[in-house]
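Pasted below: entry.csv, CSV, N, CA and C atoms and all ligand atoms.
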```
chain,number,residue,atom,x,y,z
L,30,MET,N,32.6,34.7,-58.9
L,30,MET,CA,32.0,33.9,-60.1
L,30,MET,C,32.8,32.6,-60.2
L,31,GLY,N,32.2,31.5,-60.2
L,31,GLY,CA,32.9,30.3,-60.3
L,31,GLY,C,33.3,29.9,-61.7
L,32,GLY,N,34.3,29.2,-61.9
L,32,GLY,CA,34.8,28.7,-63.2
L,32,GLY,C,35.6,29.8,-63.8
L,33,LYS,N,36.1,29.5,-65.0
L,33,LYS,CA,36.9,30.5,-65.8
L,33,LYS,C,35.9,31.5,-66.5
L,34,SER,N,36.4,32.7,-66.6
L,34,SER,CA,35.6,33.7,-67.3
L,34,SER,C,36.4,34.2,-68.6
L,35,TYR,N,35.6,34.6,-69.5
L,35,TYR,CA,36.2,35.1,-70.8
L,35,TYR,C,36.2,36.6,-70.8
L,36,TYR,N,37.3,37.2,-71.2
L,36,TYR,CA,37.5,38.6,-71.2
L,36,TYR,C,37.5,39.1,-72.7
L,37,CYS,N,36.6,40.0,-73.0
L,37,CYS,CA,36.5,40.6,-74.3
L,37,CYS,C,37.4,41.8,-74.4
L,38,ASP,N,38.5,41.8,-75.2
L,38,ASP,CA,39.4,42.9,-75.3
L,38,ASP,C,38.7,44.2,-75.9
L,39,TYR,N,37.8,44.0,-76.8
L,39,TYR,CA,37.2,45.1,-77.4
L,39,TYR,C,36.2,45.9,-76.5
L,40,CYS,N,35.4,45.1,-75.8
L,40,CYS,CA,34.4,45.7,-74.9
L,40,CYS,C,34.9,45.9,-73.5
L,41,ARG,N,36.1,45.3,-73.2
L,41,ARG,CA,36.6,45.4,-71.8
L,41,ARG,C,35.7,44.9,-70.8
L,42,CYS,N,35.1,43.7,-71.0
L,42,CYS,CA,34.2,43.1,-70.0
L,42,CYS,C,34.4,41.6,-69.9
L,43,PHE,N,34.1,41.1,-68.7
L,43,PHE,CA,34.1,39.7,-68.5
L,43,PHE,C,32.8,39.0,-68.7
L,44,MET,N,32.8,37.8,-69.1
L,44,MET,CA,31.6,37.0,-69.3
L,44,MET,C,31.9,35.5,-69.0
L,45,LYS,N,30.8,34.8,-68.9
L,45,LYS,CA,31.0,33.4,-68.7
L,45,LYS,C,31.7,32.7,-69.9
L,46,ASN,N,32.6,31.8,-69.6
L,46,ASN,CA,33.4,31.2,-70.7
L,46,ASN,C,32.6,30.0,-71.2
L,47,ASP,N,31.5,30.4,-72.0
L,47,ASP,CA,30.6,29.4,-72.5
L,47,ASP,C,30.5,29.7,-74.0
L,48,LEU,N,30.5,28.7,-74.9
L,48,LEU,CA,30.5,28.9,-76.3
L,48,LEU,C,29.3,29.7,-76.8
L,49,ASN,N,28.1,29.4,-76.3
L,49,ASN,CA,26.9,30.1,-76.7
L,49,ASN,C,27.0,31.5,-76.2
L,50,VAL,N,27.5,31.7,-75.0
L,50,VAL,CA,27.5,33.1,-74.5
L,50,VAL,C,28.5,33.9,-75.3
L,51,ARG,N,29.6,33.4,-75.6
L,51,ARG,CA,30.6,34.1,-76.5
L,51,ARG,C,30.1,34.4,-77.9
L,52,LYS,N,29.4,33.3,-78.5
L,52,LYS,CA,28.8,33.5,-79.8
L,52,LYS,C,27.8,34.7,-79.8
L,53,LEU,N,27.0,34.6,-78.8
L,53,LEU,CA,25.9,35.7,-78.6
L,53,LEU,C,26.5,37.0,-78.5
L,54,HIS,N,27.6,37.1,-77.6
L,54,HIS,CA,28.3,38.4,-77.4
L,54,HIS,C,28.9,38.9,-78.7
L,55,ASN,N,29.6,38.0,-79.4
L,55,ASN,CA,30.4,38.4,-80.6
L,55,ASN,C,29.4,38.8,-81.7
L,56,SER,N,28.2,38.4,-81.7
L,56,SER,CA,27.3,38.8,-82.8
L,56,SER,C,26.4,40.0,-82.3
L,57,GLY,N,26.7,40.5,-81.1
L,57,GLY,CA,25.9,41.6,-80.6
L,57,GLY,C,26.4,42.9,-81.2
L,58,LEU,N,25.5,43.9,-81.1
L,58,LEU,CA,25.8,45.2,-81.7
L,58,LEU,C,26.9,46.0,-81.0
L,59,SER,N,26.8,46.0,-79.6
L,59,SER,CA,27.8,46.7,-78.9
L,59,SER,C,29.2,46.2,-79.1
L,60,HIS,N,29.3,44.8,-79.2
L,60,HIS,CA,30.6,44.2,-79.5
L,60,HIS,C,31.1,44.6,-80.9
L,61,THR,N,30.2,44.6,-81.9
L,61,THR,CA,30.6,44.9,-83.3
L,61,THR,C,31.1,46.4,-83.4
L,62,VAL,N,30.3,47.3,-82.7
L,62,VAL,CA,30.7,48.7,-82.7
L,62,VAL,C,32.1,48.9,-82.0
L,63,ALA,N,32.3,48.2,-80.9
L,63,ALA,CA,33.5,48.3,-80.2
L,63,ALA,C,34.7,47.8,-81.0
L,64,LYS,N,34.4,46.7,-81.7
L,64,LYS,CA,35.5,46.1,-82.5
L,64,LYS,C,35.9,47.0,-83.7
L,65,VAL,N,34.9,47.6,-84.4
L,65,VAL,CA,35.2,48.5,-85.5
L,65,VAL,C,35.9,49.8,-85.0
L,66,THR,N,35.5,50.3,-83.8
L,66,THR,CA,36.1,51.5,-83.2
L,66,THR,C,37.6,51.1,-82.8
L,67,PHE,N,37.8,49.9,-82.3
L,67,PHE,CA,39.1,49.5,-81.9
L,67,PHE,C,40.1,49.4,-83.1
L,68,MET,N,39.5,48.8,-84.2
L,68,MET,CA,40.3,48.5,-85.4
L,68,MET,C,40.6,49.8,-86.2
L,69,LYS,N,39.8,50.8,-86.0
L,69,LYS,CA,40.0,52.1,-86.7
L,69,LYS,C,41.2,52.8,-86.3
L,70,GLN,N,41.7,52.6,-85.1
L,70,GLN,CA,42.8,53.3,-84.6
L,70,GLN,C,44.1,52.8,-85.3
L,71,PHE,N,44.0,51.6,-86.0
L,71,PHE,CA,45.2,51.1,-86.7
L,71,PHE,C,45.2,51.5,-88.2
L,72,GLU,N,44.1,52.1,-88.6
L,72,GLU,CA,44.0,52.4,-90.0
L,72,GLU,C,44.8,53.7,-90.3
L,73,ASP,N,45.0,53.9,-91.6
L,73,ASP,CA,45.7,55.1,-92.0
L,73,ASP,C,44.8,56.4,-91.8
L,74,PRO,N,45.3,57.4,-91.1
L,74,PRO,CA,44.5,58.6,-90.8
L,74,PRO,C,44.0,59.3,-92.1
L,75,ARG,N,44.8,59.2,-93.2
L,75,ARG,CA,44.4,59.8,-94.4
L,75,ARG,C,43.2,59.1,-95.0
L,76,LYS,N,43.2,57.8,-94.9
L,76,LYS,CA,42.0,57.0,-95.4
L,76,LYS,C,40.8,57.3,-94.5
L,77,LEU,N,40.9,57.5,-93.2
L,77,LEU,CA,39.8,57.8,-92.4
L,77,LEU,C,39.3,59.2,-92.7
L,78,LEU,N,40.2,60.1,-93.0
L,78,LEU,CA,39.8,61.5,-93.3
L,78,LEU,C,39.0,61.4,-94.6
L,79,GLU,N,39.4,60.7,-95.6
L,79,GLU,CA,38.7,60.6,-96.9
L,79,GLU,C,37.3,60.0,-96.7
L,80,GLU,N,37.2,59.0,-95.8
L,80,GLU,CA,35.9,58.3,-95.6
L,80,GLU,C,35.0,59.3,-94.9
L,81,GLU,N,35.5,60.1,-94.0
L,81,GLU,CA,34.6,61.0,-93.3
L,81,GLU,C,34.2,62.2,-94.2
L,82,ARG,N,35.1,62.6,-95.1
L,82,ARG,CA,34.7,63.6,-96.0
L,82,ARG,C,33.7,63.2,-97.1
L,83,ALA,N,33.7,61.9,-97.4
L,83,ALA,CA,32.8,61.3,-98.4
L,83,ALA,C,31.4,61.2,-97.9
L,84,LYS,N,31.2,61.3,-96.6
L,84,LYS,CA,29.9,61.1,-96.0
L,84,LYS,C,29.0,62.3,-96.3
L,85,ILE,N,27.7,62.1,-96.5
L,85,ILE,CA,26.8,63.1,-96.8
L,85,ILE,C,26.3,63.7,-95.5
L,86,PRO,N,26.4,65.0,-95.3
L,86,PRO,CA,26.0,65.6,-94.0
L,86,PRO,C,24.5,65.4,-93.8
L,87,CYS,N,24.1,65.3,-92.5
L,87,CYS,CA,22.7,65.2,-92.2
L,87,CYS,C,22.0,66.5,-92.4
L,88,THR,N,20.9,66.4,-93.1
L,88,THR,CA,20.1,67.6,-93.4
L,88,THR,C,18.8,67.7,-92.6
L,89,ARG,N,18.6,66.6,-91.9
L,89,ARG,CA,17.3,66.5,-91.2
L,89,ARG,C,17.0,67.7,-90.2
L,90,PHE,N,18.1,68.0,-89.5
L,90,PHE,CA,18.0,69.1,-88.5
L,90,PHE,C,18.8,70.3,-88.8
L,91,SER,N,19.1,70.5,-90.1
L,91,SER,CA,19.9,71.6,-90.4
L,91,SER,C,19.0,72.9,-90.3
L,92,ALA,N,19.7,74.0,-90.1
L,92,ALA,CA,19.0,75.3,-89.9
L,92,ALA,C,18.3,75.7,-91.2
L,93,LYS,N,18.9,75.4,-92.3
L,93,LYS,CA,18.3,75.8,-93.6
L,93,LYS,C,16.9,75.1,-93.8
L,94,LYS,N,16.9,73.8,-93.6
L,94,LYS,CA,15.6,73.1,-93.8
L,94,LYS,C,14.6,73.5,-92.8
L,95,VAL,N,14.9,73.7,-91.6
L,95,VAL,CA,14.0,74.2,-90.6
L,95,VAL,C,13.4,75.5,-91.0
L,96,ALA,N,14.2,76.4,-91.5
L,96,ALA,CA,13.8,77.7,-91.9
L,96,ALA,C,12.8,77.5,-93.1
L,97,GLN,N,13.1,76.6,-94.1
L,97,GLN,CA,12.2,76.4,-95.2
L,97,GLN,C,10.9,75.9,-94.8
L,98,GLU,N,10.9,74.9,-93.8
L,98,GLU,CA,9.6,74.4,-93.3
L,98,GLU,C,8.8,75.5,-92.6
L,99,THR,N,9.5,76.3,-91.9
L,99,THR,CA,8.8,77.4,-91.1
L,99,THR,C,8.2,78.3,-92.1
L,100,VAL,N,8.9,78.6,-93.2
L,100,VAL,CA,8.3,79.5,-94.2
L,100,VAL,C,7.1,78.9,-94.9
L,101,GLN,N,7.3,77.6,-95.2
L,101,GLN,CA,6.2,76.9,-95.9
L,101,GLN,C,4.9,76.9,-95.0
L,102,LYS,N,5.1,76.6,-93.7
L,102,LYS,CA,4.0,76.6,-92.7
L,102,LYS,C,3.4,78.0,-92.6
L,103,ALA,N,4.2,79.0,-92.6
L,103,ALA,CA,3.7,80.3,-92.4
L,103,ALA,C,2.9,80.8,-93.7
L,104,SER,N,3.5,80.4,-94.8
L,104,SER,CA,2.8,80.8,-96.1
L,104,SER,C,1.6,80.0,-96.3
L,105,GLY,N,1.5,78.8,-95.8
L,105,GLY,CA,0.3,78.0,-95.9
L,105,GLY,C,-0.8,78.6,-95.1
L,106,LYS,N,-0.5,79.1,-93.9
L,106,LYS,CA,-1.5,79.6,-93.0
L,106,LYS,C,-2.0,80.9,-93.6
L,107,THR,N,-1.2,81.7,-94.3
L,107,THR,CA,-1.6,83.0,-94.8
L,107,THR,C,-2.6,82.8,-96.0
L,108,PHE,N,-2.3,81.8,-96.8
L,108,PHE,CA,-3.2,81.6,-97.9
L,108,PHE,C,-4.5,80.9,-97.6
L,109,VAL,N,-4.5,80.2,-96.4
L,109,VAL,CA,-5.8,79.4,-96.1
L,109,VAL,C,-6.8,80.3,-95.4
L,201,ZN,ZN,33.0,42.2,-77.0
```

Could you spell out this file's structure in structure tokens?
Ligand SMILES: [Zn+2]
Amino acid sequence: MGGKSYYCDYCRCFMKNDLNVRKLHNSGLSHTVAKVTFMKQFEDPRKLLEEERAKIPCTRFSAKKVAQETVQKASGKTFV
């Protein structure tokens, strides 16, 4: 590759050292996720634990909801 290249520390990848290329890369989703992941390792573990505990667990694929839907479907068929 001719010319100088830019190395992104967060994504660990090389790219063309061009202003527009770097701007596009820095606004991208993969770079943003990599940056947040990188910066989290320097945060206080207690704060991270509190943040993770404050999250609402996903109920979309939970066994309880699937069981309720199965019961509803089964009861709907019996009454029809
Ligand atoms: Zn990057």

Give me the residues within 5 Å of range 43-52 of chain L as a list in words, counting all atoms listed in the file and dropping any in the same chain fewer than 3 places off.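 Once the nearby chain positions are removed, what remains is Lys33, Ser34, Tyr35, Tyr36, Asn55 and Ser56 of chain L.
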
Let's see if you can do this: from backbone DSSP, list all strand (DSSP E or B) residues in chain L, as a PyMOL selection string. chain L and resi 34-37+42-45

Selection as a list in words: residues within 8 Å of ligand ZN 201 (chain L) by all atoms listed in the file: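 Taking all atoms listed in the file into account, the residues around ligand ZN 201 (chain L) at most 8 Å away are Tyr36, Cys37, Asp38, Tyr39, Cys40, Arg41, Cys42, His54, Asn55, Ser56, Gly57, Ser59, His60, Thr61, Ala63 and Lys64 of chain L.
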
Atom N of Glu80 in chain L sits from atom C of Met68 in chain L at a separation of 13.7 Å

Provide the CA of Pro86 in chain L to CA of Gly105 in chain L distance in Å, to one decimal place.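 Result for CA of Pro86 in chain L versus CA of Gly105 in chain L: 28.6 Å, one decimal.
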
Please identify the alpha helix (DSSP H) residues within chain L (assignment by DSSP from backbone atoms) and present them as a VMD selection string. chain L and resid 48 to 55 58 to 69 74 to 83 92 to 108

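Interatomic distance, CA of Ala92 in chain L against CA of Glu79 in chain L: 25.6 Å.
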